[in-house]
Amino acid sequence: MSGPLLDRDEDGLVRLHKLLARSGVASRRKCEELMLAGEVVVDGEPVTRLGTKVDPTTAVIRVAGKRLPPMSPNVYLVLNKPVGVTSTMSDPHAARTLSDLVADRPERLFHVGRLDTDTSGLLLLTNDGEFAQRMAHPSYEVDKTYVATVDGVVYPKVLKTLLAGVTLEDGPVTVSSVRLVGGRGSARDGSIVELVIHEGRNRIVRRLLEHVGHPVRQLTRTAIGPIVLGRLGAGEMRDLTNDELGALLDAASL
């Protein structure tokens with residue numbers, strides 16, 4: 001959560017209800033009501049005393065169960081990576097890199113994970129190195145949703161095979177969910193499949209679908225955890241919302 005910092009006392013603390021209001025939770029009066037109702041939890045403990053002060057940069061605050069990100073100078077961005085852009089900030093052999101898309105940003109940005117050059121869709125960017133490392137670590141990876149246009153007609157038995165688990169040359173792959181979202185016609189027209197997986201091994205979705213007989217023609221990542229690509233155009237980016245960032249901080253145990 002970036003933005004204007006509140007006036008702090010000599011210990012660096014701010015009144016909790018003012019912090020909640022400045023963070024866009026609700027009006028100051030409504031934030032006081034939420035505190036009195038026991039809906040505000042700080043570092044695991046409900047806080048109902050209205051004069052309570054907290055450190056806005058370190059306190060783990062939840063409102064009605066939702067994590068409120070700490071105040072921070074860091075940025076957390078969602079990018080819709082176009083096809084043809086390599087998921088790196090610098091590569092002399094690449095036609096286009098992420099740095100071409102963020103050239104007007106003043107921050108030194110890291111990409112969280114990667115997408116193949118020929119895959120489009122949702123990619124996270126941040127100048128918070130610890131967050132980037134944690135989010136990319138296998139033990140913290142959140143579900144990722146992909147939509148793939150594939151060769152052939154995908155029959156229900158293929159979906160069952162994917163859900164049952166497929167073992168590739170570098171180990172088994174667990175598919176959380178899969179469904180056919182288009183293309184029940186001819187093999188020439190192909191099919192459109194949406195699948196959710198937890199991990200990010202190299203070209204995992206393409207290899208997985210080719211393994212079950214349906215090579216990928218086109219692939220887009222449409223979501224990472226609660227963050228959805230939505231109407232974001234190719235090459236466009238936006239800031240994460242407080243709700244989105246809070247959910248990811250929880251997922252990464254930060």
# chains A, B, ... in the order shown; residues from 1 in each chain; ligands from 1
>>> select_by_dssp(residues="stretch 11-216 of chain A", states="strand (DSSP E)", output="PyMOL selection string")
chain A and resi 14-15+40-42+45-46+53-54+61-63+66-68+76-81+85-86+96-97+110-112+120-126+144-150+166-168+171-173+175-182+191-197+216
>>> write_last_selection(atoms="C-alpha atoms", output="mmCIF file, in the first residue's frame")
data_model
loop_
_atom_site.group_PDB
_atom_site.id
_atom_site.type_symbol
_atom_site.label_atom_id
_atom_site.label_comp_id
_atom_site.auth_asym_id
_atom_site.auth_seq_id
_atom_site.Cartn_x
_atom_site.Cartn_y
_atom_site.Cartn_z
ATOM 1 C CA VAL A 14 -0.420 6.410 13.792
ATOM 2 C CA ARG A 15 -3.949 6.074 15.084
ATOM 3 C CA VAL A 40 -10.308 -5.111 13.028
ATOM 4 C CA VAL A 41 -7.468 -7.456 13.996
ATOM 5 C CA VAL A 42 -3.854 -6.317 14.420
ATOM 6 C CA GLU A 45 -5.499 -9.665 18.199
ATOM 7 C CA PRO A 46 -8.858 -7.831 17.871
ATOM 8 C CA LYS A 53 -1.824 3.376 17.588
ATOM 9 C CA VAL A 54 0.096 1.066 15.245
ATOM 10 C CA ILE A 61 -3.890 -5.649 9.903
ATOM 11 C CA ARG A 62 -7.074 -7.468 8.886
ATOM 12 C CA VAL A 63 -10.487 -5.904 8.418
ATOM 13 C CA LYS A 66 -9.161 -9.290 4.715
ATOM 14 C CA ARG A 67 -5.477 -8.380 4.918
ATOM 15 C CA LEU A 68 -4.654 -4.681 4.614
ATOM 16 C CA TYR A 76 3.121 -3.832 -7.185
ATOM 17 C CA LEU A 77 1.917 -3.974 -10.778
ATOM 18 C CA VAL A 78 -0.124 -6.239 -13.043
ATOM 19 C CA LEU A 79 1.057 -6.375 -16.668
ATOM 20 C CA ASN A 80 -0.642 -7.965 -19.658
ATOM 21 C CA LYS A 81 2.443 -9.280 -21.445
ATOM 22 C CA VAL A 85 7.977 -10.067 -25.428
ATOM 23 C CA THR A 86 10.623 -12.022 -23.500
ATOM 24 C CA ARG A 96 11.524 -7.131 -27.151
ATOM 25 C CA THR A 97 11.857 -7.410 -23.369
ATOM 26 C CA PHE A 110 11.560 -7.251 -10.957
ATOM 27 C CA HIS A 111 9.237 -9.700 -12.708
ATOM 28 C CA VAL A 112 7.592 -12.362 -10.538
ATOM 29 C CA SER A 120 0.601 -13.722 -23.373
ATOM 30 C CA GLY A 121 -1.145 -12.610 -20.234
ATOM 31 C CA LEU A 122 -0.816 -11.771 -16.594
ATOM 32 C CA LEU A 123 2.619 -11.057 -15.144
ATOM 33 C CA LEU A 124 3.428 -9.349 -11.829
ATOM 34 C CA LEU A 125 6.088 -6.638 -11.582
ATOM 35 C CA THR A 126 7.446 -5.055 -8.410
ATOM 36 C CA LYS A 144 -2.418 -19.821 -12.002
ATOM 37 C CA THR A 145 -5.216 -19.901 -14.573
ATOM 38 C CA TYR A 146 -4.522 -20.354 -18.286
ATOM 39 C CA VAL A 147 -6.719 -20.369 -21.373
ATOM 40 C CA ALA A 148 -5.295 -22.440 -24.223
ATOM 41 C CA THR A 149 -6.432 -22.847 -27.811
ATOM 42 C CA VAL A 150 -5.338 -26.376 -28.781
ATOM 43 C CA VAL A 166 -0.118 -36.486 -15.595
ATOM 44 C CA THR A 167 3.553 -37.408 -15.230
ATOM 45 C CA LEU A 168 5.978 -35.630 -17.556
ATOM 46 C CA GLY A 171 7.840 -35.293 -12.726
ATOM 47 C CA PRO A 172 4.097 -35.303 -12.045
ATOM 48 C CA VAL A 173 1.842 -32.319 -12.674
ATOM 49 C CA VAL A 175 -4.117 -29.837 -12.337
ATOM 50 C CA SER A 176 -6.467 -28.157 -9.834
ATOM 51 C CA SER A 177 -9.295 -27.739 -12.335
ATOM 52 C CA VAL A 178 -9.884 -27.939 -16.078
ATOM 53 C CA ARG A 179 -12.856 -27.257 -18.315
ATOM 54 C CA LEU A 180 -13.687 -26.929 -21.968
ATOM 55 C CA VAL A 181 -14.730 -23.348 -22.718
ATOM 56 C CA GLY A 182 -15.073 -23.496 -26.487
ATOM 57 C CA SER A 191 -10.714 -26.422 -28.831
ATOM 58 C CA ILE A 192 -10.356 -23.881 -26.040
ATOM 59 C CA VAL A 193 -9.466 -25.191 -22.597
ATOM 60 C CA GLU A 194 -9.161 -23.365 -19.273
ATOM 61 C CA LEU A 195 -6.964 -24.993 -16.652
ATOM 62 C CA VAL A 196 -5.637 -24.081 -13.230
ATOM 63 C CA ILE A 197 -2.246 -25.309 -12.046
ATOM 64 C CA VAL A 216 -1.164 -25.551 -27.976
#
>>> residues_around(residues="A:Arg201", least_positions_apart="4", cutoff="10 Å", atoms="only C-alpha atoms", output="list in words")
Gly113, Arg114, Pro138, Asp170, Val173, Val205 and Arg207 of chain A
>>> residues_around(residues="A:Leu36", least_positions_apart="6", cutoff="12 Å", atoms="only C-alpha atoms", output="list in words")
His17, Arg29, Lys30, Pro46, Val47, Thr48, Arg49, Leu50, Gly51, Thr52 and Val63 of chain A
>>> residues_around(residues="stretch 248-254 of chain A", least_positions_apart="3", cutoff="6 Å", atoms="only C-alpha atoms", output="short mmCIF file (atom, residue, chain, number, x, y, z; two decimals) with C-alpha atoms, in the first residue's frame")
data_model
loop_
_atom_site.label_atom_id
_atom_site.label_comp_id
_atom_site.auth_asym_id
_atom_site.auth_seq_id
_atom_site.Cartn_x
_atom_site.Cartn_y
_atom_site.Cartn_z
CA ARG A 134 8.94 -15.31 -2.20
CA MET A 135 6.15 -15.30 -4.80
CA TYR A 140 4.53 -20.32 -2.03
CA LEU A 245 -1.95 -7.30 -2.63
#
>>> atom_distance(atom1="atom CA of A:Glu236", atom2="atom CA of A:Val25")
26.7 Å
>>> atom_distance(atom1="atom CA of A:Leu19", atom2="atom CA of A:Asp55")
9.7 Å
>>> select_by_dssp(residues="stretch 161-232 of chain A", states="alpha helix (DSSP H)", output="PyMOL selection string")
chain A and resi 161-164+204-211
>>> residues_around(residues="A:Lys18", least_positions_apart="3", cutoff="9 Å", atoms="only C-alpha atoms", output="PyMOL selection string")
chain A and resi 6+14-15+21-23+28+31
>>> atom_distance(atom1="atom CA of A:Ile204", atom2="atom CA of A:Thr241")
28.5 Å
>>> residues_around(residues="A:Thr57", least_positions_apart="6", cutoff="7 Å", atoms="only C-alpha atoms", output="list in words")
Pro70, Met71 and Ser72 of chain A
>>> write_last_selection(atoms="N, CA and C atoms", output="PDB file, in the first residue's frame")
ATOM      1  N   PRO A  70       0.677  -3.256   4.379  1.00  0.00           N
ATOM      2  CA  PRO A  70       1.329  -2.183   5.120  1.00  0.00           C
ATOM      3  C   PRO A  70       1.645  -1.010   4.208  1.00  0.00           C
ATOM      4  N   MET A  71       1.820   0.148   4.809  1.00  0.00           N
ATOM      5  CA  MET A  71       2.248   1.302   4.024  1.00  0.00           C
ATOM      6  C   MET A  71       3.689   1.080   3.578  1.00  0.00           C
ATOM      7  N   SER A  72       3.947   1.349   2.321  1.00  0.00           N
ATOM      8  CA  SER A  72       5.249   1.017   1.743  1.00  0.00           C
ATOM      9  C   SER A  72       5.510   1.891   0.532  1.00  0.00           C
TER      10      SER A  72
END
>>> closest_residue(among="A:Gly235, A:Gly65, A:Gly24, A:Gly44", to="A:Ser99", atoms="only C-alpha atoms")
A:Gly235
